[in-house]
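Next comes upload.pdb, with PDB, C-alpha atoms and all ligand atoms.
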```
ATOM      1  CA  MET D   1    -111.490 114.520  50.117
ATOM      2  CA  PRO D   2    -108.764 117.186  50.751
ATOM      3  CA  GLU D   3    -108.384 119.719  47.977
ATOM      4  CA  PHE D   4    -105.058 120.393  46.269
ATOM      5  CA  THR D   5    -103.611 123.785  47.084
ATOM      6  CA  LYS D   6    -102.057 125.944  44.372
ATOM      7  CA  SER D   7     -98.552 125.042  45.535
ATOM      8  CA  ASP D   8     -99.394 121.306  45.544
ATOM      9  CA  LYS D   9    -100.605 121.663  41.990
ATOM     10  CA  ALA D  10     -97.496 123.633  40.978
ATOM     11  CA  ARG D  11     -95.272 120.933  42.492
ATOM     12  CA  ALA D  12     -97.215 118.197  40.725
ATOM     13  CA  ASP D  13     -96.986 120.077  37.418
ATOM     14  CA  VAL D  14     -93.215 120.438  37.735
ATOM     15  CA  ASN D  15     -92.657 116.908  39.002
ATOM     16  CA  PRO D  16     -95.501 114.626  38.012
ATOM     17  CA  VAL D  17     -94.990 110.994  38.998
ATOM     18  CA  ARG D  18     -96.995 108.524  36.951
ATOM     19  CA  MET D  19     -98.194 105.133  38.112
ATOM     20  CA  LEU D  20     -97.911 102.141  35.841
ATOM     21  CA  MET D  21     -98.785  98.456  35.795
ATOM     22  CA  PHE D  22     -96.632  95.558  34.748
ATOM     23  CA  LYS D  23     -96.116  91.862  35.553
ATOM     24  CA  ILE D  24     -93.548  90.137  37.736
ATOM     25  CA  ASP D  25     -93.546  86.346  37.467
ATOM     26  CA  GLY D  26     -97.046  86.499  36.028
ATOM     27  CA  ARG D  27     -98.436  88.689  38.838
ATOM     28  CA  ASP D  28     -99.941  92.091  38.116
ATOM     29  CA  VAL D  29     -98.131  94.797  40.096
ATOM     30  CA  THR D  30     -98.474  98.561  40.333
ATOM     31  CA  ALA D  31     -95.495 100.906  40.600
ATOM     32  CA  ARG D  32     -94.467 104.536  40.515
ATOM     33  CA  GLU D  33     -92.518 105.204  37.336
ATOM     34  CA  ASP D  34     -89.425 106.115  39.397
ATOM     35  CA  GLU D  35     -89.315 102.849  41.374
ATOM     36  CA  THR D  36     -86.933 100.111  40.288
ATOM     37  CA  ILE D  37     -88.028  96.566  39.436
ATOM     38  CA  LEU D  38     -86.202  95.407  42.575
ATOM     39  CA  THR D  39     -88.140  97.790  44.830
ATOM     40  CA  VAL D  40     -91.476  96.754  43.366
ATOM     41  CA  ALA D  41     -90.598  93.050  43.568
ATOM     42  CA  ARG D  42     -89.697  93.377  47.257
ATOM     43  CA  GLN D  43     -92.841  95.379  47.971
ATOM     44  CA  ASN D  44     -94.743  92.402  46.589
ATOM     45  CA  GLY D  45     -92.806  89.771  48.515
ATOM     46  CA  ILE D  46     -90.870  88.515  45.487
ATOM     47  CA  ASN D  47     -87.269  87.631  46.295
ATOM     48  CA  ILE D  48     -84.483  88.769  43.971
ATOM     49  CA  PRO D  49     -80.955  88.138  45.302
ATOM     50  CA  THR D  50     -78.662  91.176  45.634
ATOM     51  CA  LEU D  51     -75.154  91.983  46.833
ATOM     52  CA  CYS D  52     -74.207  95.564  45.988
ATOM     53  CA  HIS D  53     -77.709  96.899  46.707
ATOM     54  CA  LEU D  54     -78.345  98.152  50.221
ATOM     55  CA  GLU D  55     -81.517  99.897  51.365
ATOM     56  CA  GLY D  56     -80.687 103.521  52.142
ATOM     57  CA  LEU D  57     -77.759 103.880  49.712
ATOM     58  CA  SER D  58     -77.756 104.907  46.054
ATOM     59  CA  GLU D  59     -77.623 102.090  43.495
ATOM     60  CA  ARG D  60     -74.358 101.118  41.795
ATOM     61  CA  GLY D  61     -75.441  98.138  39.660
ATOM     62  CA  ALA D  62     -72.043  96.579  40.289
ATOM     63  CA  CYS D  63     -72.621  92.909  41.129
ATOM     64  CA  ARG D  64     -75.274  91.880  38.569
ATOM     65  CA  LEU D  65     -76.688  89.260  40.985
ATOM     66  CA  CYS D  66     -80.137  90.842  40.654
ATOM     67  CA  ILE D  67     -80.486  90.144  36.925
ATOM     68  CA  VAL D  68     -83.975  89.390  35.654
ATOM     69  CA  GLU D  69     -85.476  88.497  32.300
ATOM     70  CA  VAL D  70     -87.662  91.062  30.541
ATOM     71  CA  LYS D  71     -89.873  89.589  27.825
ATOM     72  CA  GLY D  72     -88.734  90.859  24.427
ATOM     73  CA  ALA D  73     -85.363  92.163  25.677
ATOM     74  CA  PRO D  74     -82.292  90.337  24.338
ATOM     75  CA  ARG D  75     -80.197  90.941  27.473
ATOM     76  CA  LEU D  76     -80.843  90.185  31.117
ATOM     77  CA  MET D  77     -81.385  93.377  33.125
ATOM     78  CA  PRO D  78     -80.180  94.292  36.639
ATOM     79  CA  ALA D  79     -83.371  94.795  38.660
ATOM     80  CA  CYS D  80     -81.812  97.308  41.067
ATOM     81  CA  VAL D  81     -81.168  99.909  38.349
ATOM     82  CA  THR D  82     -83.905  99.112  35.827
ATOM     83  CA  LEU D  83     -87.170 101.037  35.849
ATOM     84  CA  PRO D  84     -90.336  99.217  34.799
ATOM     85  CA  ARG D  85     -92.432 100.249  31.841
ATOM     86  CA  GLN D  86     -96.161  99.923  31.323
ATOM     87  CA  ASP D  87     -97.113  96.315  30.456
ATOM     88  CA  MET D  88     -93.555  95.045  30.825
ATOM     89  CA  GLU D  89     -93.269  91.347  31.748
ATOM     90  CA  VAL D  90     -90.471  90.503  34.165
ATOM     91  CA  ILE D  91     -89.359  86.994  35.084
ATOM     92  CA  THR D  92     -87.168  86.668  38.148
ATOM     93  CA  ASN D  93     -86.616  82.922  38.429
ATOM     94  CA  SER D  94     -86.327  81.302  34.989
ATOM     95  CA  GLU D  95     -83.709  78.598  34.400
ATOM     96  CA  ARG D  96     -81.704  81.090  32.343
ATOM     97  CA  VAL D  97     -81.707  83.732  35.096
ATOM     98  CA  VAL D  98     -80.835  81.285  37.881
ATOM     99  CA  GLY D  99     -78.041  79.770  35.751
ATOM    100  CA  TYR D 100     -76.453  83.161  35.057
ATOM    101  CA  ARG D 101     -76.712  84.200  38.704
ATOM    102  CA  LYS D 102     -74.784  81.085  39.708
ATOM    103  CA  LYS D 103     -72.104  81.782  37.088
ATOM    104  CA  ILE D 104     -71.722  85.372  38.286
ATOM    105  CA  LEU D 105     -71.421  84.209  41.871
ATOM    106  CA  GLU D 106     -68.814  81.598  40.946
ATOM    107  CA  LEU D 107     -66.772  84.251  39.127
ATOM    108  CA  ILE D 108     -66.887  86.505  42.195
ATOM    109  CA  PHE D 109     -65.458  83.647  44.263
ATOM    110  CA  THR D 110     -62.654  82.964  41.767
ATOM    111  CA  GLU D 111     -61.519  86.581  41.519
ATOM    112  CA  ARG D 112     -60.262  86.923  45.111
ATOM    113  CA  ASN D 113     -59.260  84.598  47.949
ATOM    114  CA  HIS D 114     -62.419  83.686  49.867
ATOM    115  CA  VAL D 115     -61.245  81.088  52.375
ATOM    116  CA  CYS D 116     -64.311  80.957  54.621
ATOM    117  CA  SER D 117     -62.814  78.636  57.245
ATOM    118  CA  VAL D 118     -60.324  81.326  58.346
ATOM    119  CA  CYS D 119     -62.442  84.421  57.718
ATOM    120  CA  VAL D 120     -63.587  86.816  60.444
ATOM    121  CA  SER D 121     -67.029  86.894  58.803
ATOM    122  CA  ASN D 122     -67.495  83.126  58.479
ATOM    123  CA  GLY D 123     -71.153  82.430  59.241
ATOM    124  CA  HIS D 124     -72.112  86.137  58.981
ATOM    125  CA  CYS D 125     -71.150  86.815  55.373
ATOM    126  CA  GLU D 126     -73.644  87.872  52.696
ATOM    127  CA  LEU D 127     -71.540  86.316  49.920
ATOM    128  CA  GLN D 128     -71.399  82.999  51.734
ATOM    129  CA  ALA D 129     -75.142  83.142  52.483
ATOM    130  CA  LEU D 130     -75.906  83.793  48.834
ATOM    131  CA  ALA D 131     -73.809  80.795  47.763
ATOM    132  CA  LEU D 132     -75.911  78.665  50.093
ATOM    133  CA  GLU D 133     -79.160  80.221  48.872
ATOM    134  CA  LEU D 134     -78.280  79.629  45.208
ATOM    135  CA  GLY D 135     -77.056  76.100  45.896
ATOM    136  CA  MET D 136     -73.468  76.765  44.807
ATOM    137  CA  THR D 137     -71.373  73.771  45.875
ATOM    138  CA  HIS D 138     -68.237  74.374  43.763
ATOM    139  CA  VAL D 139     -66.993  76.604  40.950
ATOM    140  CA  HIS D 140     -66.532  75.665  37.307
ATOM    141  CA  TYR D 141     -63.751  78.212  36.635
ATOM    142  CA  ASP D 142     -60.074  78.446  37.578
ATOM    143  CA  TYR D 143     -59.287  80.424  40.711
ATOM    144  CA  ILE D 144     -57.098  83.449  40.038
ATOM    145  CA  TYR D 145     -55.413  83.490  43.483
ATOM    146  CA  PRO D 146     -54.407  87.183  43.373
ATOM    147  CA  ARG D 147     -51.999  88.488  45.988
ATOM    148  CA  TYR D 148     -53.678  91.469  47.536
ATOM    149  CA  SER D 149     -52.544  93.422  50.565
ATOM    150  CA  VAL D 150     -54.126  93.695  54.000
ATOM    151  CA  ASP D 151     -54.076  97.160  55.590
ATOM    152  CA  HIS D 152     -53.996  97.141  59.402
ATOM    153  CA  THR D 153     -52.857 100.772  59.760
ATOM    154  CA  HIS D 154     -56.198 102.104  61.075
ATOM    155  CA  GLU D 155     -56.430 102.237  64.855
ATOM    156  CA  ARG D 156     -59.673 100.196  65.006
ATOM    157  CA  PHE D 157     -60.328  98.619  61.608
ATOM    158  CA  SER D 158     -58.674  96.479  58.934
ATOM    159  CA  VAL D 159     -59.215  96.067  55.206
ATOM    160  CA  ASP D 160     -58.359  92.779  53.510
ATOM    161  CA  HIS D 161     -58.571  93.274  49.743
ATOM    162  CA  ASN D 162     -58.483  89.495  49.221
ATOM    163  CA  ARG D 163     -62.071  89.350  50.481
ATOM    164  CA  CYS D 164     -63.391  92.434  48.677
ATOM    165  CA  ILE D 165     -66.111  91.919  46.053
ATOM    166  CA  LEU D 166     -65.997  95.535  44.800
ATOM    167  CA  CYS D 167     -69.612  96.234  45.683
ATOM    168  CA  GLN D 168     -68.638  99.784  46.732
ATOM    169  CA  ARG D 169     -71.035  99.895  49.643
ATOM    170  CA  CYS D 170     -68.144 101.322  51.703
ATOM    171  CA  VAL D 171     -67.600 104.070  49.111
ATOM    172  CA  ARG D 172     -71.278 105.012  49.086
ATOM    173  CA  VAL D 173     -71.956 104.967  52.824
ATOM    174  CA  CYS D 174     -68.849 107.017  53.576
ATOM    175  CA  ASP D 175     -69.813 109.573  50.946
ATOM    176  CA  GLU D 176     -73.618 109.623  51.167
ATOM    177  CA  VAL D 177     -74.233 109.047  54.880
ATOM    178  CA  GLU D 178     -71.083 109.997  56.790
ATOM    179  CA  GLY D 179     -70.091 112.719  54.298
ATOM    180  CA  ALA D 180     -66.393 111.940  54.651
ATOM    181  CA  ALA D 181     -65.760 110.544  51.125
ATOM    182  CA  THR D 182     -62.701 108.646  52.325
ATOM    183  CA  TRP D 183     -63.195 105.592  50.083
ATOM    184  CA  GLU D 184     -62.897 105.567  46.310
ATOM    185  CA  ALA D 185     -62.578 102.875  43.649
ATOM    186  CA  MET D 186     -59.350 102.677  41.645
ATOM    187  CA  GLY D 187     -58.395 100.642  38.539
ATOM    188  CA  ARG D 188     -60.453  98.702  36.030
ATOM    189  CA  GLY D 189     -62.137  95.307  35.844
ATOM    190  CA  ILE D 190     -60.805  92.621  38.159
ATOM    191  CA  ASP D 191     -57.793  94.835  38.948
ATOM    192  CA  SER D 192     -60.062  97.396  40.638
ATOM    193  CA  ARG D 193     -59.505  98.133  44.293
ATOM    194  CA  VAL D 194     -61.133 100.303  46.889
ATOM    195  CA  ILE D 195     -58.710 102.874  48.277
ATOM    196  CA  THR D 196     -58.681 105.449  51.041
ATOM    197  CA  ASP D 197     -57.587 109.056  50.531
ATOM    198  CA  LEU D 198     -55.908 108.812  47.123
ATOM    199  CA  ASN D 199     -54.412 105.406  47.914
ATOM    200  CA  GLN D 200     -52.818 106.288  51.252
ATOM    201  CA  PRO D 201     -52.859 103.781  54.146
ATOM    202  CA  TRP D 202     -56.236 103.960  55.933
ATOM    203  CA  GLY D 203     -54.541 104.799  59.224
ATOM    204  CA  THR D 204     -53.045 108.001  57.771
ATOM    205  CA  SER D 205     -56.360 109.207  56.333
ATOM    206  CA  GLN D 206     -57.121 112.863  57.097
ATOM    207  CA  THR D 207     -60.792 112.461  56.189
ATOM    208  CA  CYS D 208     -61.833 109.267  58.034
ATOM    209  CA  THR D 209     -63.850 110.042  61.156
ATOM    210  CA  GLY D 210     -63.553 106.487  62.482
ATOM    211  CA  CYS D 211     -67.345 106.064  62.495
ATOM    212  CA  GLY D 212     -67.197 102.425  61.318
ATOM    213  CA  LYS D 213     -70.152 102.681  58.919
ATOM    214  CA  CYS D 214     -68.096 101.279  56.030
ATOM    215  CA  VAL D 215     -67.168  98.254  58.140
ATOM    216  CA  HIS D 216     -70.764  97.500  59.036
ATOM    217  CA  VAL D 217     -72.178  97.746  55.508
ATOM    218  CA  CYS D 218     -69.413  95.606  53.981
ATOM    219  CA  PRO D 219     -71.096  92.311  52.997
ATOM    220  CA  THR D 220     -67.961  90.172  53.424
ATOM    221  CA  GLY D 221     -64.968  89.975  55.744
ATOM    222  CA  ALA D 222     -63.069  92.563  53.690
ATOM    223  CA  LEU D 223     -63.685  95.270  56.293
ATOM    224  CA  SER D 224     -63.565  94.229  59.915
ATOM    225  CA  GLU D 225     -62.949  95.481  63.414
ATOM    226  CA  LYS D 226     -59.551  94.740  64.882
ATOM    227  CA  GLY D 227     -59.469  92.081  67.575
ATOM    228  CA  LYS D 228     -62.115  89.912  65.910
ATOM    229  CA  SER D 229     -61.077  86.335  65.247
ATOM    230  CA  VAL D 230     -62.512  83.716  62.875
ATOM    231  CA  ALA D 231     -66.326  83.976  62.629
ATOM    232  CA  GLU D 232     -66.494  86.726  65.279
ATOM    233  CA  MET D 233     -67.257  89.710  63.007
ATOM    234  CA  THR D 234     -70.972  90.457  62.821
ATOM    235  CA  LYS D 235     -72.176  93.475  60.864
ATOM    236  CA  ARG D 236     -74.727  96.008  62.134
ATOM    237  CA  LYS D 237     -76.294  97.994  59.315
ATOM    238  CA  GLN D 238     -79.750  98.559  60.727
ATOM    239  CA  PHE D 239     -78.781 102.228  61.200
ATOM    240  CA  LEU D 240     -79.089 102.993  57.483
ATOM    241  CA  PRO D 241     -82.856 103.408  56.954
ATOM    242  CA  TYR D 242     -83.064 105.645  60.044
ATOM    243  CA  LEU D 243     -80.222 107.870  58.902
ATOM    244  CA  GLN D 244     -81.728 108.163  55.451
ATOM    245  CA  MET D 245     -85.099 109.109  56.946
ATOM    246  CA  MET D 246     -83.483 111.799  59.110
ATOM    247  CA  ARG D 247     -81.602 113.205  56.128
ATOM    248  CA  ARG D 248     -84.820 113.391  54.084
ATOM    249  CA  GLU D 249     -86.506 115.246  56.961
ATOM    250  CA  GLU D 250     -83.600 117.720  57.162
ATOM    251  CA  LEU D 251     -83.869 118.495  53.451
ATOM    252  CA  ARG D 252     -87.566 119.369  53.659
TER     253      ARG D 252
HETATM  254  S1  LIG D 301     -64.874 104.796  59.333
HETATM  255 FE1  LIG D 301     -66.511 106.212  58.640
HETATM  256  S2  LIG D 301     -65.403 107.987  57.849
HETATM  257 FE2  LIG D 301     -63.879 106.339  58.081
HETATM  258  S3  LIG D 301     -63.798 105.419  56.058
HETATM  259 FE3  LIG D 301     -65.337 104.273  57.224
HETATM  260  S4  LIG D 301     -67.310 105.304  56.783
HETATM  261 FE4  LIG D 301     -65.686 106.645  56.117
HETATM  262  S1  LIG D 302     -64.431  96.622  51.125
HETATM  263 FE1  LIG D 302     -66.413  95.573  51.496
HETATM  264  S2  LIG D 302     -67.964  97.192  51.146
HETATM  265 FE2  LIG D 302     -66.049  97.903  50.239
HETATM  266  S3  LIG D 302     -66.158  97.276  48.097
HETATM  267 FE3  LIG D 302     -65.053  95.658  49.188
HETATM  268  S4  LIG D 302     -66.633  94.193  49.770
HETATM  269 FE4  LIG D 302     -67.693  96.059  49.213
HETATM  270  S1  LIG D 303     -77.809  94.241  43.415
HETATM  271 FE1  LIG D 303     -78.267  94.845  41.400
HETATM  272  S2  LIG D 303     -76.358  94.892  40.425
HETATM  273 FE2  LIG D 303     -75.864  94.378  42.493
END
```
Please express what this file holds, its structure, as structure tokens.
Amino acid sequence: MPEFTKSDKARADVNPVRMLMFKIDGRDVTAREDETILTVARQNGINIPTLCHLEGLSERGACRLCIVEVKGAPRLMPACVTLPRQDMEVITNSERVVGYRKKILELIFTERNHVCSVCVSNGHCELQALALELGMTHVHYDYIYPRYSVDHTHERFSVDHNRCILCQRCVRVCDEVEGAATWEAMGRGIDSRVITDLNQPWGTSQTCTGCGKCVHVCPTGALSEKGKSVAEMTKRKQFLPYLQMMRREELR
């Protein structure tokens, strides 16, 4: 067995990471103390639906679709930002959890104008796919029908705020991967909006490099490439894990 060097030991003393055991849906699982419930569930082949989470980006805990039940806890917890504790018991698919997930999804649909039949992302949309997965056939709440703008000022891309679900993937990828920090979130609650460069039209942005990463991580048709018609916009986000790996290597 290889021996620890002095520097390994020093590192471990400064930054010890403990392992712990807990249960997900009755199964015993092992985790590092700094891994989220979502990460551990996926490592063990347990499906928890997500929308704002994206492998390779920091967590925002914005959509609440990943809620799970923790035995003894009064509230449901978002799995993507909750760390497990020793002997914790997590339930991912109880009637209560599934019911709340559906309600959350319905509310997301009512807050903006998601008209799939005329959307560039029809058939390639994560929100639409989740509605199918959760068996959502209609909503039980009144639609708000807000009147949001569409910004076509960028040379290659468009943003349609009517289709935005405020997941902030665009904000995070632009900041954490591209390093441009063009996107930001403005406002509160359902009046929030993503904006570019202190709420200037995207096409006049001094910081945007035109890389398109925000477009390809956007789960809906809110961000799209110009020239795409109904159902033609497919997203390519496979680049993320590779970029994250390269960045980790650079920091070593
Ligand atoms: S195109 Fe690239 S730089 Fe421009 S806003 Fe999107 S992610 Fe940021
Ligand atoms: S524009 Fe797309 S990626 Fe950005 S917050 Fe809205 S839905 Fe999410
Ligand atoms: S995926 Fe966990 S809150 Fe959105």
task: Fewer than 5 positions away in the same chain doesn't count, so skip those; otherwise give me all residues within 9 Å of segment 127-142 of chain D, counting only C-alpha atoms, as a ChimeraX atom specification.
output: /D:49-51,98,101-103,105-107,109-110,116,122,165,219-220
What would the file look like if the residues just selected were written as a PDB file, in the coordinates of the input with C-alpha atoms?
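Listing of selection-v3.pdb after writing:
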```pdb
ATOM      1  CA  PRO D  49     -80.955  88.138  45.302  1.00  0.00           C
ATOM      2  CA  THR D  50     -78.662  91.176  45.634  1.00  0.00           C
ATOM      3  CA  LEU D  51     -75.154  91.983  46.833  1.00  0.00           C
ATOM      4  CA  VAL D  98     -80.835  81.285  37.881  1.00  0.00           C
ATOM      5  CA  ARG D 101     -76.712  84.200  38.704  1.00  0.00           C
ATOM      6  CA  LYS D 102     -74.784  81.085  39.708  1.00  0.00           C
ATOM      7  CA  LYS D 103     -72.104  81.782  37.088  1.00  0.00           C
ATOM      8  CA  LEU D 105     -71.421  84.209  41.871  1.00  0.00           C
ATOM      9  CA  GLU D 106     -68.814  81.598  40.946  1.00  0.00           C
ATOM     10  CA  LEU D 107     -66.772  84.251  39.127  1.00  0.00           C
ATOM     11  CA  PHE D 109     -65.458  83.647  44.263  1.00  0.00           C
ATOM     12  CA  THR D 110     -62.654  82.964  41.767  1.00  0.00           C
ATOM     13  CA  CYS D 116     -64.311  80.957  54.621  1.00  0.00           C
ATOM     14  CA  ASN D 122     -67.495  83.126  58.479  1.00  0.00           C
ATOM     15  CA  ILE D 165     -66.111  91.919  46.053  1.00  0.00           C
ATOM     16  CA  PRO D 219     -71.096  92.311  52.997  1.00  0.00           C
ATOM     17  CA  THR D 220     -67.961  90.172  53.424  1.00  0.00           C
TER      18      THR D 220
END
```
- prompt: the PyMOL selection byres (((chain D and resi 174-187) around 8) and not hetatm) on the file shown: which residues, as a list in words?
  reply: Leu57, Gln168, Cys170, Val171, Arg172, Val173, Arg188, Gly189, Asp191, Ser192, Arg193, Val194, Ile195, Thr196, Asp197, Leu198, Ser205, Thr207, Cys208, Thr209, Cys211, Lys213, Cys214, Leu243 and Gln244 of chain D
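Considering all atoms listed in the file, the residue among D:Arg96, D:His53, D:Arg18, D:Arg169 positioned nearest to ligand LIG 303 (chain D) is D:His53.
Between atom CA of Glu111 of chain D and atom CA of Asn162 of chain D the separation is 8.8 Å.
Interatomic distance, atom CA of Tyr100 of chain D against atom CA of Leu223 of chain D: 27.6 Å.
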Which neighbours of Arg27 of chain D fall inside 10 Å, counting all atoms listed in the file, when residues of the same chain fewer than 5 positions from it are skipped, and could you give them as a CSV table (one decimal) with C-alpha atoms, keeping the file's coordinate frame?
```csv
chain,number,residue,atom,x,y,z
D,22,PHE,CA,-96.6,95.6,34.7
D,44,ASN,CA,-94.7,92.4,46.6
D,89,GLU,CA,-93.3,91.3,31.7
D,90,VAL,CA,-90.5,90.5,34.2
D,91,ILE,CA,-89.4,87.0,35.1
```
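With distances taken over all atoms listed in the file, D:Leu166 is the one residue among D:Ile144, D:Val70, D:Met21, D:Leu166 lying closest to ligand LIG 303 (chain D).
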Hey, which bits of chain D sit within 7 Å of ligand LIG 303 (chain D), and for each residue what's the closest pair of atoms and how far apart in Å (one decimal), counting only C-alpha atoms and all ligand atoms, rows by chain and increasing number, as a Markdown table?
```
| residue | atom | partner | partner_atom | distance |
| --- | --- | --- | --- | --- |
| D:Thr50 | CA | D:LIG303 | S1 | 3.9 |
| D:Leu51 | CA | D:LIG303 | S1 | 4.9 |
| D:Cys52 | CA | D:LIG303 | FE2 | 4.0 |
| D:His53 | CA | D:LIG303 | S1 | 4.2 |
| D:Arg60 | CA | D:LIG303 | S2 | 6.7 |
| D:Gly61 | CA | D:LIG303 | S2 | 3.5 |
| D:Ala62 | CA | D:LIG303 | S2 | 4.6 |
| D:Cys63 | CA | D:LIG303 | FE2 | 3.8 |
| D:Arg64 | CA | D:LIG303 | S2 | 3.7 |
| D:Leu65 | CA | D:LIG303 | FE2 | 5.4 |
| D:Cys66 | CA | D:LIG303 | FE1 | 4.5 |
| D:Ile67 | CA | D:LIG303 | FE1 | 6.9 |
| D:Pro78 | CA | D:LIG303 | FE1 | 5.2 |
| D:Ala79 | CA | D:LIG303 | FE1 | 5.8 |
| D:Cys80 | CA | D:LIG303 | FE1 | 4.3 |
| D:Val81 | CA | D:LIG303 | FE1 | 6.6 |
```
